[in-house]
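Here is coords_11.cif, consisting of mmCIF, C-alpha atoms:
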```
data_final
#
loop_
_atom_site.label_atom_id
_atom_site.label_comp_id
_atom_site.auth_asym_id
_atom_site.auth_seq_id
_atom_site.Cartn_x
_atom_site.Cartn_y
_atom_site.Cartn_z
CA MET A 17 9.28 112.04 58.61
CA ALA A 18 8.90 110.81 55.09
CA GLY A 19 11.45 108.23 54.08
CA ALA A 20 14.22 108.87 51.62
CA THR A 21 12.34 106.76 49.07
CA SER A 22 10.38 109.90 48.18
CA VAL A 23 13.57 111.59 46.97
CA PRO A 24 14.17 111.35 43.22
CA GLU A 25 17.12 109.14 42.41
CA ARG A 26 20.14 110.24 40.47
CA GLY A 27 19.23 111.23 36.95
CA THR A 28 21.71 111.84 34.16
CA GLY A 29 24.81 110.92 36.15
CA ASP A 30 26.78 113.85 34.79
CA ALA A 31 27.19 117.58 35.36
CA SER A 32 24.15 118.42 33.22
CA GLY A 33 21.92 116.91 35.90
CA ILE A 34 23.24 118.96 38.84
CA GLY A 35 20.68 121.77 38.60
CA PRO A 36 17.53 119.62 38.34
CA GLU A 37 18.77 117.14 40.96
CA ALA A 38 19.59 119.97 43.34
CA ALA A 39 16.17 121.55 42.85
CA ARG A 40 14.35 118.28 43.48
CA PHE A 41 16.37 117.41 46.55
CA ALA A 42 15.99 120.95 47.91
CA ARG A 43 12.20 120.68 47.68
CA PHE A 44 12.33 117.45 49.64
CA ALA A 45 14.72 118.91 52.22
CA ALA A 46 12.55 122.00 52.74
CA GLU A 47 9.66 119.76 53.80
CA HIS A 48 11.68 117.99 56.49
CA ALA A 49 14.43 120.40 57.58
CA GLY A 50 12.43 121.57 60.59
CA ASP A 51 12.11 118.01 61.84
CA TRP A 52 15.82 117.37 61.34
CA ASP A 53 16.61 120.57 63.23
CA ARG A 54 14.49 119.43 66.20
CA ARG A 55 16.04 115.97 66.15
CA GLY A 56 19.54 117.36 65.86
CA GLU A 57 20.50 115.11 62.97
CA VAL A 58 20.10 114.40 59.28
CA PRO A 59 18.79 110.81 59.12
CA ASP A 60 20.99 108.14 57.59
CA ASP A 61 18.51 107.42 54.80
CA VAL A 62 18.55 111.09 53.77
CA ARG A 63 22.34 111.14 53.57
CA ARG A 64 22.23 107.97 51.50
CA ALA A 65 19.61 109.50 49.21
CA LEU A 66 21.72 112.62 48.72
CA ALA A 67 24.73 110.45 47.95
CA ALA A 68 22.69 108.50 45.40
CA THR A 69 22.05 111.68 43.42
CA GLY A 70 25.79 112.17 42.97
CA LEU A 71 25.58 115.70 44.37
CA LEU A 72 28.21 115.05 47.05
CA GLY A 73 30.69 114.76 44.19
CA ALA A 74 29.33 117.69 42.20
CA ASP A 75 32.72 119.25 41.44
CA VAL A 76 34.92 116.15 41.81
CA PRO A 77 36.52 115.36 38.42
CA ALA A 78 34.64 112.73 36.43
CA GLY A 79 37.81 110.67 36.23
CA TYR A 80 37.56 110.13 39.98
CA GLY A 81 33.86 109.28 40.00
CA GLY A 82 32.43 112.77 40.43
CA LEU A 83 30.05 114.74 38.23
CA GLY A 84 32.81 117.06 37.07
CA GLY A 85 30.65 120.13 37.59
CA SER A 86 31.83 123.71 37.31
CA GLN A 87 32.20 126.29 40.04
CA ALA A 88 28.87 127.72 38.91
CA ASP A 89 27.27 124.28 39.29
CA LEU A 90 28.64 123.92 42.81
CA GLY A 91 27.51 127.41 43.76
CA GLU A 92 23.96 126.91 42.55
CA LEU A 93 23.82 123.51 44.27
CA CYS A 94 24.73 125.13 47.59
CA ALA A 95 22.25 127.96 47.05
CA ARG A 96 19.47 125.44 46.40
CA ILE A 97 20.32 123.17 49.32
CA GLY A 98 21.19 126.11 51.59
CA GLY A 99 17.80 127.64 50.88
CA ALA A 100 16.20 124.51 52.32
CA CYS A 101 18.50 123.24 55.09
CA SER A 102 21.78 124.77 56.26
CA ALA A 103 22.86 121.55 57.92
CA LEU A 104 22.49 119.58 54.71
CA ARG A 105 24.39 122.29 52.86
CA GLY A 106 27.05 121.83 55.57
CA LEU A 107 27.39 118.21 54.50
CA VAL A 108 27.94 119.28 50.90
CA THR A 109 30.44 121.88 52.09
CA VAL A 110 32.63 119.66 54.24
CA GLN A 111 32.60 116.85 51.67
CA SER A 112 33.71 119.23 48.94
CA MET A 113 36.31 120.92 51.18
CA VAL A 114 38.13 117.66 51.80
CA ALA A 115 37.74 116.56 48.18
CA ALA A 116 39.12 119.90 46.93
CA ALA A 117 42.14 119.66 49.22
CA LEU A 118 42.88 116.14 48.02
CA SER A 119 42.30 117.02 44.38
CA ARG A 120 44.88 119.79 44.55
CA TRP A 121 47.45 118.56 47.04
CA GLY A 122 46.98 114.80 47.39
CA THR A 123 49.14 112.24 45.66
CA GLU A 124 47.73 110.23 42.79
CA ALA A 125 47.44 107.25 45.14
CA GLN A 126 45.47 109.36 47.63
CA ARG A 127 43.16 110.74 44.97
CA THR A 128 42.52 107.27 43.58
CA ARG A 129 41.92 105.88 47.05
CA TRP A 130 39.64 108.58 48.49
CA LEU A 131 37.98 110.71 45.83
CA PRO A 132 35.66 108.06 44.31
CA ASP A 133 34.31 107.14 47.75
CA LEU A 134 33.88 110.80 48.71
CA ALA A 135 32.12 111.57 45.43
CA ALA A 136 29.75 108.63 45.82
CA GLY A 137 29.08 109.35 49.48
CA ARG A 138 30.36 105.94 50.51
CA THR A 139 32.76 107.85 52.74
CA ILE A 140 31.61 110.91 54.69
CA ALA A 141 34.40 113.37 55.49
CA GLY A 142 35.03 115.63 58.45
CA PHE A 143 37.34 118.64 58.55
CA ALA A 144 39.17 118.82 61.89
CA ALA A 145 41.22 121.98 62.31
CA THR A 146 39.80 124.13 65.13
CA GLU A 147 41.02 123.49 68.67
CA PRO A 148 40.18 124.95 72.09
CA GLY A 149 43.14 127.32 71.73
CA ALA A 150 43.20 127.67 67.94
CA GLY A 151 40.24 129.04 66.03
CA THR A 152 41.01 132.21 64.14
CA ASP A 153 44.74 131.50 64.41
CA LEU A 154 45.13 127.94 63.20
CA ALA A 155 48.91 128.29 63.33
CA ALA A 156 48.45 127.79 67.07
CA VAL A 157 47.16 124.21 66.80
CA SER A 158 48.69 121.84 69.34
CA THR A 159 47.70 118.51 67.80
CA ARG A 160 50.85 116.41 67.33
CA ILE A 161 51.56 114.25 64.28
CA GLU A 162 54.63 112.23 65.19
CA GLU A 163 56.60 109.98 62.84
CA ASP A 164 56.80 106.31 63.71
CA GLY A 165 58.43 104.36 60.88
CA ASP A 166 55.79 103.66 58.22
CA TRP A 167 53.20 105.25 60.48
CA VAL A 168 52.40 108.54 62.15
CA ARG A 169 50.78 108.94 65.55
CA VAL A 170 48.17 111.66 66.00
CA THR A 171 47.30 113.17 69.39
CA GLY A 172 45.11 116.18 70.07
CA THR A 173 41.62 117.61 70.51
CA LYS A 174 39.50 119.14 67.76
CA ARG A 175 36.30 121.13 68.16
CA TRP A 176 33.22 121.97 66.12
CA VAL A 177 33.64 119.26 63.49
CA THR A 178 30.68 119.32 61.12
CA PHE A 179 29.15 115.83 60.87
CA GLY A 180 31.85 114.79 63.29
CA ARG A 181 29.46 112.36 64.98
CA THR A 182 29.20 110.18 61.88
CA ALA A 183 32.12 111.06 59.59
CA ASP A 184 34.14 108.11 58.33
CA VAL A 185 37.40 110.00 57.81
CA PHE A 186 38.80 113.28 59.08
CA LEU A 187 41.25 115.66 57.46
CA VAL A 188 43.21 116.68 60.55
CA LEU A 189 45.53 119.66 60.91
CA GLY A 190 48.43 119.30 63.34
CA THR A 191 52.16 119.83 63.55
CA SER A 192 55.01 117.47 62.80
CA ALA A 193 58.34 118.56 64.26
CA GLY A 194 56.77 121.98 64.70
CA ARG A 195 55.66 122.30 61.08
CA PRO A 196 51.99 122.43 59.97
CA THR A 197 50.90 119.05 58.62
CA THR A 198 47.63 117.45 57.51
CA VAL A 199 46.70 113.79 57.67
CA LEU A 200 43.64 111.70 56.89
CA VAL A 201 42.48 109.83 59.99
CA ASP A 202 40.02 106.94 59.75
CA GLY A 203 37.26 107.55 62.27
CA ALA A 204 37.09 103.86 63.20
CA LEU A 205 40.70 103.63 64.39
CA PRO A 206 41.49 102.97 68.05
CA GLY A 207 42.05 106.21 69.93
CA VAL A 208 39.42 108.22 68.04
CA SER A 209 36.54 109.38 70.23
CA ARG A 210 33.69 111.81 69.60
CA GLU A 211 31.74 114.10 71.90
CA PRO A 212 28.39 115.14 70.36
CA VAL A 213 27.48 118.83 70.54
CA GLU A 214 23.77 119.48 71.06
CA GLY A 215 21.55 122.53 71.38
CA GLN A 216 23.95 124.99 69.74
CA LEU A 217 22.59 128.24 68.31
CA GLY A 218 22.30 127.12 64.69
CA MET A 219 22.92 124.24 62.29
CA ARG A 220 21.52 121.90 64.91
CA ALA A 221 21.12 119.03 62.45
CA ALA A 222 24.76 119.18 61.31
CA GLU A 223 25.75 116.45 63.79
CA ILE A 224 28.60 118.56 65.15
CA ALA A 225 31.05 116.89 67.50
CA HIS A 226 34.28 117.55 69.32
CA LEU A 227 36.98 115.05 68.42
CA ARG A 228 39.63 113.51 70.62
CA LEU A 229 42.65 111.79 69.07
CA ASP A 230 44.63 109.73 71.57
CA ASP A 231 47.83 108.38 70.02
CA VAL A 232 46.00 107.29 66.87
CA ARG A 233 48.25 105.20 64.61
CA VAL A 234 47.80 106.18 60.95
CA PRO A 235 49.65 104.98 57.82
CA ARG A 236 52.27 107.48 56.68
CA GLY A 237 50.65 107.37 53.25
CA ASN A 238 47.69 109.30 54.71
CA VAL A 239 49.77 112.44 55.20
CA VAL A 240 48.51 114.98 52.66
CA ALA A 241 51.21 117.15 51.02
CA PRO A 242 54.75 117.51 52.34
CA VAL A 243 55.26 118.33 55.99
CA GLY A 244 55.12 122.10 56.46
CA LEU A 245 52.45 122.73 53.80
CA GLY A 246 49.46 121.59 55.85
CA LEU A 247 48.22 125.06 56.73
CA SER A 248 49.41 127.29 53.88
CA HIS A 249 48.38 124.88 51.13
CA VAL A 250 46.04 122.05 52.17
CA VAL A 251 43.94 123.82 54.81
CA ALA A 252 43.99 127.12 52.89
CA THR A 253 42.53 125.34 49.85
CA ALA A 254 39.88 123.62 51.94
CA LEU A 255 38.83 126.82 53.70
CA ASP A 256 38.71 128.83 50.49
CA HIS A 257 36.42 126.15 49.07
CA GLY A 258 34.38 126.22 52.26
CA ARG A 259 33.90 129.99 52.12
CA PHE A 260 32.67 129.72 48.56
CA THR A 261 30.04 127.08 49.34
CA VAL A 262 28.95 128.84 52.55
CA ALA A 263 28.56 132.09 50.61
CA TRP A 264 26.26 130.48 48.07
CA GLY A 265 24.37 128.71 50.83
CA CYS A 266 23.74 132.09 52.46
CA VAL A 267 22.38 133.41 49.17
CA GLY A 268 19.88 130.55 49.19
CA MET A 269 18.93 131.32 52.81
CA ALA A 270 18.33 134.99 52.04
CA GLU A 271 16.28 134.25 48.95
CA SER A 272 14.13 131.68 50.76
CA CYS A 273 13.44 134.10 53.62
CA LEU A 274 12.61 136.90 51.20
CA ASP A 275 10.17 134.68 49.33
CA ALA A 276 8.53 133.52 52.57
CA ALA A 277 8.14 137.09 53.81
CA ALA A 278 6.65 138.34 50.53
CA ALA A 279 4.18 135.46 50.41
CA HIS A 280 3.12 136.11 54.01
CA VAL A 281 2.46 139.84 53.68
CA VAL A 282 0.31 139.23 50.61
CA ARG A 283 -1.87 136.68 52.43
CA ARG A 284 -1.94 138.22 55.89
CA THR A 285 -4.49 140.92 56.55
CA GLN A 286 -5.10 143.31 59.42
CA GLY A 287 -8.40 145.16 59.57
CA GLY A 288 -9.23 143.79 56.15
CA ILE A 289 -6.06 145.25 54.59
CA ALA A 290 -3.17 143.12 53.38
CA LEU A 291 0.14 143.77 55.11
CA ALA A 292 1.57 144.30 51.65
CA GLU A 293 -0.41 147.55 51.39
CA HIS A 294 1.70 149.19 54.10
CA GLN A 295 4.59 151.31 52.87
CA LEU A 296 6.86 150.31 55.76
CA VAL A 297 6.37 146.66 54.89
CA ARG A 298 7.16 147.31 51.25
CA ALA A 299 10.26 149.28 52.19
CA GLN A 300 11.53 146.44 54.36
CA LEU A 301 10.94 143.96 51.55
CA ALA A 302 12.72 146.24 49.09
CA ARG A 303 15.80 146.46 51.29
CA ALA A 304 15.82 142.69 51.71
CA ALA A 305 15.46 142.18 47.96
CA VAL A 306 18.43 144.46 47.24
CA GLU A 307 20.60 142.74 49.85
CA SER A 308 19.76 139.31 48.44
CA ALA A 309 20.41 140.38 44.85
CA ALA A 310 23.71 142.06 45.78
CA ALA A 311 24.90 138.94 47.60
CA ARG A 312 24.07 136.80 44.59
CA GLU A 313 25.97 139.10 42.25
CA LEU A 314 29.05 139.12 44.47
CA CYS A 315 28.96 135.33 44.60
CA ALA A 316 28.58 135.19 40.82
CA HIS A 317 31.58 137.52 40.47
CA ALA A 318 33.66 135.26 42.72
CA THR A 319 32.50 132.27 40.69
CA ARG A 320 33.71 133.79 37.44
CA LEU A 321 37.12 134.60 38.94
CA ARG A 322 37.46 131.11 40.39
CA THR A 323 36.55 129.59 37.03
CA ARG A 324 39.37 131.59 35.40
CA ARG A 325 41.70 130.81 38.33
CA ALA A 326 42.31 134.53 38.63
CA PRO A 327 44.74 135.60 41.39
CA GLU A 328 42.08 137.85 42.95
CA ALA A 329 39.59 134.97 43.31
CA VAL A 330 40.48 134.33 46.96
CA ALA A 331 39.77 137.94 47.91
CA ALA A 332 36.55 137.96 45.89
CA THR A 333 35.39 134.83 47.68
CA ILE A 334 36.07 136.43 51.07
CA THR A 335 34.04 139.48 50.03
CA ALA A 336 31.21 137.33 48.70
CA LYS A 337 31.03 135.26 51.86
CA TYR A 338 31.05 138.36 54.04
CA ALA A 339 28.24 140.02 52.07
CA ALA A 340 26.17 136.86 51.71
CA ALA A 341 26.36 136.00 55.40
CA ARG A 342 25.32 139.55 56.31
CA ALA A 343 22.45 139.35 53.82
CA ALA A 344 21.30 136.02 55.24
CA GLY A 345 21.30 137.52 58.73
CA SER A 346 19.58 140.75 57.80
CA VAL A 347 16.95 139.25 55.50
CA SER A 348 16.12 136.41 57.88
CA ARG A 349 15.64 138.87 60.75
CA ALA A 350 13.40 141.01 58.57
CA ALA A 351 11.40 137.94 57.61
CA VAL A 352 10.91 136.98 61.25
CA GLN A 353 9.68 140.51 61.99
CA LEU A 354 7.28 140.54 59.04
CA LEU A 355 5.88 137.14 59.93
CA GLY A 356 5.45 138.21 63.54
CA ALA A 357 4.33 135.40 65.82
CA ALA A 358 4.44 132.95 62.91
CA GLY A 359 8.13 133.71 62.50
CA CYS A 360 8.79 132.78 66.12
CA GLU A 361 7.01 129.42 66.08
CA PRO A 362 9.15 126.30 66.69
CA ASP A 363 8.59 125.10 63.12
CA SER A 364 9.29 128.48 61.51
CA ALA A 365 11.74 128.13 58.63
CA VAL A 366 12.67 131.83 58.77
CA GLY A 367 13.30 131.52 62.50
CA ARG A 368 15.59 128.55 61.87
CA PHE A 369 17.42 130.45 59.15
CA SER A 370 17.82 133.44 61.45
CA ARG A 371 19.62 131.24 63.97
CA ASP A 372 21.69 129.57 61.28
CA ALA A 373 22.64 132.92 59.75
CA GLN A 374 24.30 134.06 62.97
CA VAL A 375 26.56 131.03 62.72
CA MET A 376 27.34 131.85 59.07
CA GLU A 377 28.80 135.21 60.13
CA ILE A 378 31.34 133.39 62.31
CA ILE A 379 32.45 130.28 60.44
CA GLU A 380 35.11 130.20 57.70
CA GLY A 381 36.40 133.61 58.80
CA SER A 382 34.32 135.88 61.04
CA ALA A 383 32.65 139.02 59.73
CA HIS A 384 34.90 141.29 61.80
CA VAL A 385 38.08 139.71 60.47
CA ALA A 386 36.70 139.80 56.93
CA GLU A 387 36.28 143.55 57.27
CA LEU A 388 39.95 143.89 58.18
CA HIS A 389 41.00 141.80 55.20
CA ILE A 390 38.78 143.71 52.76
CA ALA A 391 39.96 147.08 54.08
CA ASP A 392 43.59 145.94 53.95
CA ARG A 393 43.32 145.08 50.26
CA LEU A 394 41.70 148.42 49.53
CA LEU A 395 44.42 150.35 51.35
CA ARG A 396 47.19 148.38 49.65
CA ARG A 397 46.06 149.81 46.33
CA HIS A 398 47.06 153.21 47.69
CA GLY A 399 50.48 152.12 48.87
CA PHE A 400 49.60 151.31 52.48
CA ARG A 401 51.40 148.37 54.08
CA PRO A 402 50.16 147.35 57.54
CA GLY A 403 52.82 147.78 60.18
CA ALA A 404 55.39 149.14 57.75
CA SER A 405 55.31 152.62 59.21
CA ALA A 406 53.09 154.79 61.37
CA ALA A 407 53.73 157.67 59.00
CA THR A 408 51.32 158.39 56.18
CA PRO A 409 52.56 158.41 52.57
CA SER A 410 53.61 161.67 51.03
CA PRO A 411 50.66 163.58 49.52
CA THR A 412 52.58 163.77 46.24
CA ALA A 413 53.20 160.04 46.08
CA THR A 414 51.13 158.08 43.61
CA PRO A 415 50.74 154.29 43.57
CA GLY A 416 52.94 152.66 40.97
CA PRO A 417 52.34 149.41 39.08
CA THR A 418 53.40 147.33 42.09
CA ALA A 419 50.72 148.88 44.28
CA THR A 420 47.91 148.63 41.75
CA SER A 421 48.57 145.33 40.06
CA ALA A 422 50.00 143.10 42.77
CA PRO A 423 48.49 139.63 42.88
CA ALA A 424 46.05 138.80 45.65
CA PRO A 425 47.80 137.95 48.90
CA ALA A 426 47.62 134.47 50.34
CA PRO A 427 44.62 133.88 52.61
CA ALA A 428 45.14 135.78 55.85
CA ARG A 429 45.77 133.69 58.92
CA GLU A 430 42.61 135.18 60.37
CA PHE A 431 40.68 133.32 57.69
CA GLU A 432 42.04 129.96 58.68
CA GLU A 433 39.18 129.65 61.12
CA THR A 434 36.85 126.72 60.87
CA ALA A 435 33.77 125.71 62.79
CA PRO A 436 30.38 124.16 62.00
#
```
Here is a file; write its structure as structure tokens.
Amino acid sequence: MAGATSVPERGTGDASGIGPEAARFARFAAEHAGDWDRRGEVPDDVRRALAATGLLGADVPAGYGGLGGSQADLGELCARIGGACSALRGLVTVQSMVAAALSRWGTEAQRTRWLPDLAAGRTIAGFAATEPGAGTDLAAVSTRIEEDGDWVRVTGTKRWVTFGRTADVFLVLGTSAGRPTTVLVDGALPGVSREPVEGQLGMRAAEIAHLRLDDVRVPRGNVVAPVGLGLSHVVATALDHGRFTVAWGCVGMAESCLDAAAAHVVRRTQGGIALAEHQLVRAQLARAAVESAAARELCAHATRLRTRRAPEAVAATITAKYAAARAAGSVSRAAVQLLGAAGCEPDSAVGRFSRDAQVMEIIEGSAHVAELHIADRLLRRHGFRPGASAATPSPTATPGPTATSAPAPAPAREFEETAP
């Protein structure tokens, strides 16, 4: 593998350089992502090179050492990186999830302490919420965060922590006196152990690990937000941010697969005729192109709402992630089919994306649960309230202002799922 010295170093050092830096790093990543996938890791020098570009702090405020980029900047960054390597996009995602949670809910001391190191990549973050008995329903976590004077003690098991093998600090969800609580846990502390996960379906280079916390003693000042707000505020913010970056990463995956498939059918001939001459091939490409374009537009819509801090932004992000993950899955499968044997080779990028895309339809809220959430919002506009009554509304009833203009509900518990 080429060394990280071939990666362009950080350019302008501000938000105006995010697009060009992302494009250059994505080109580099595309050349080596297959090797990283086989090795099951992103090499240290590559992580350092990405950190040197400043892209790990793309949307961290400039006052805390970040580039201060917009939601559009972050989205396009994830599309670029996601279109080259899902695991590397996973690093951007988890870093920004933890940074977003701290930016919104951390104290000034916590922001000053952690955000500059996260933005510069001096500290790599892990997000530790999922447990063996708590995935979709994170309210069921059993990790204990117990008060001990100026300290808290953390005990529990976490699963599917992205870059959990090498993360320096973990944002951990647990309960304190039965109330959801989040705390930053230094990965080097006694009692922290990691179990590497290898050979999983997708995102094999994301250095996923299961985490065991055995009576880990942590300063009380590392507790993020008041006790009781760990799930509804801190984790909800992180997961909403995660869905947004995953959605844009899926757009990049779909667009890369579409481009690879189109290039292949133009070059590949059978009986002296290019595959592109066949109507069935063209129809499959057309469907893939529409799916990719639709996913991008839904992500752009969510981006605009998030930029305005509109109340419906959470719901729009859920919809965008659902559509983009489906597009990544559908387009990558089509690309594998169009490439034929070449799409099934060990080094096939479209084959790798096809595996990764199946993971994208599960993490940060599964596709099936997303459908329930999207349908629920639609039905609420017509006066339906889940569980309120088995009876249907009167045919003469019409939705009033409350039914049509209510703010977006808080993220459903079903969306508090986290994984790779």
For A:Ser272, please output as a PDB file with C-alpha atoms, keeping the file's coordinate frame all residues within 9 Å (counting all atoms listed in the file; exclusion window: fewer than 3 positions along the same chain).
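Once written, around-v5.pdb looks like this:
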```
ATOM      1  CA  GLY A  99      17.800 127.640  50.880  1.00  0.00           C
ATOM      2  CA  ALA A 100      16.200 124.510  52.320  1.00  0.00           C
ATOM      3  CA  VAL A 267      22.380 133.410  49.170  1.00  0.00           C
ATOM      4  CA  GLY A 268      19.880 130.550  49.190  1.00  0.00           C
ATOM      5  CA  MET A 269      18.930 131.320  52.810  1.00  0.00           C
ATOM      6  CA  ASP A 275      10.170 134.680  49.330  1.00  0.00           C
ATOM      7  CA  ALA A 276       8.530 133.520  52.570  1.00  0.00           C
ATOM      8  CA  ALA A 277       8.140 137.090  53.810  1.00  0.00           C
ATOM      9  CA  SER A 348      16.120 136.410  57.880  1.00  0.00           C
ATOM     10  CA  ALA A 365      11.740 128.130  58.630  1.00  0.00           C
ATOM     11  CA  VAL A 366      12.670 131.830  58.770  1.00  0.00           C
TER      12      VAL A 366
END
```
- prompt: Any idea what the distance is between atom CA of A:Val232 and atom CA of A:Pro206?
  reply: 6.4 Å
message: So that I can check the surroundings of A:Leu83, please list as an MDAnalysis selection string every protein, DNA and RNA residue that reaches within 12 Å of it, counting all atoms listed in the file and ignoring chain neighbours fewer than 5 positions away.
response: chainID A and resid 26:35 37 67 69:78 89:90 131:132 134:136
message: At a cut-off of 7 Å, using all atoms listed in the file, what residues contact stretch 105-122 of chain A? Leave out same-chain residues fewer than 4 positions from it and give the result as a list in words.
response: Leu72, Val76, Cys94, Ile97, Gly98, Cys101, Gln126, Arg127, Leu131, Leu134, Ile140, Ala141, Gly142, Phe143, Leu187, Ala222, Val240, Ala241, Val250, Thr253, Ala254, Leu255, His257, Gly258, Thr261 and Gly265 of chain A
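Restricting the calculation to all atoms listed in the file, the smallest distance between A:Ala155 and any of A:Gly91, A:Gly244, A:Pro196, A:Gly50 is found for A:Pro196.
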- prompt: Which residue gives the smallest distance to A:Trp176 among A:Val243, A:Ile224, A:Leu217, A:Val58, with all atoms listed in the file counted?
  reply: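 For A:Trp176, the nearest of the candidates is A:Ile224.
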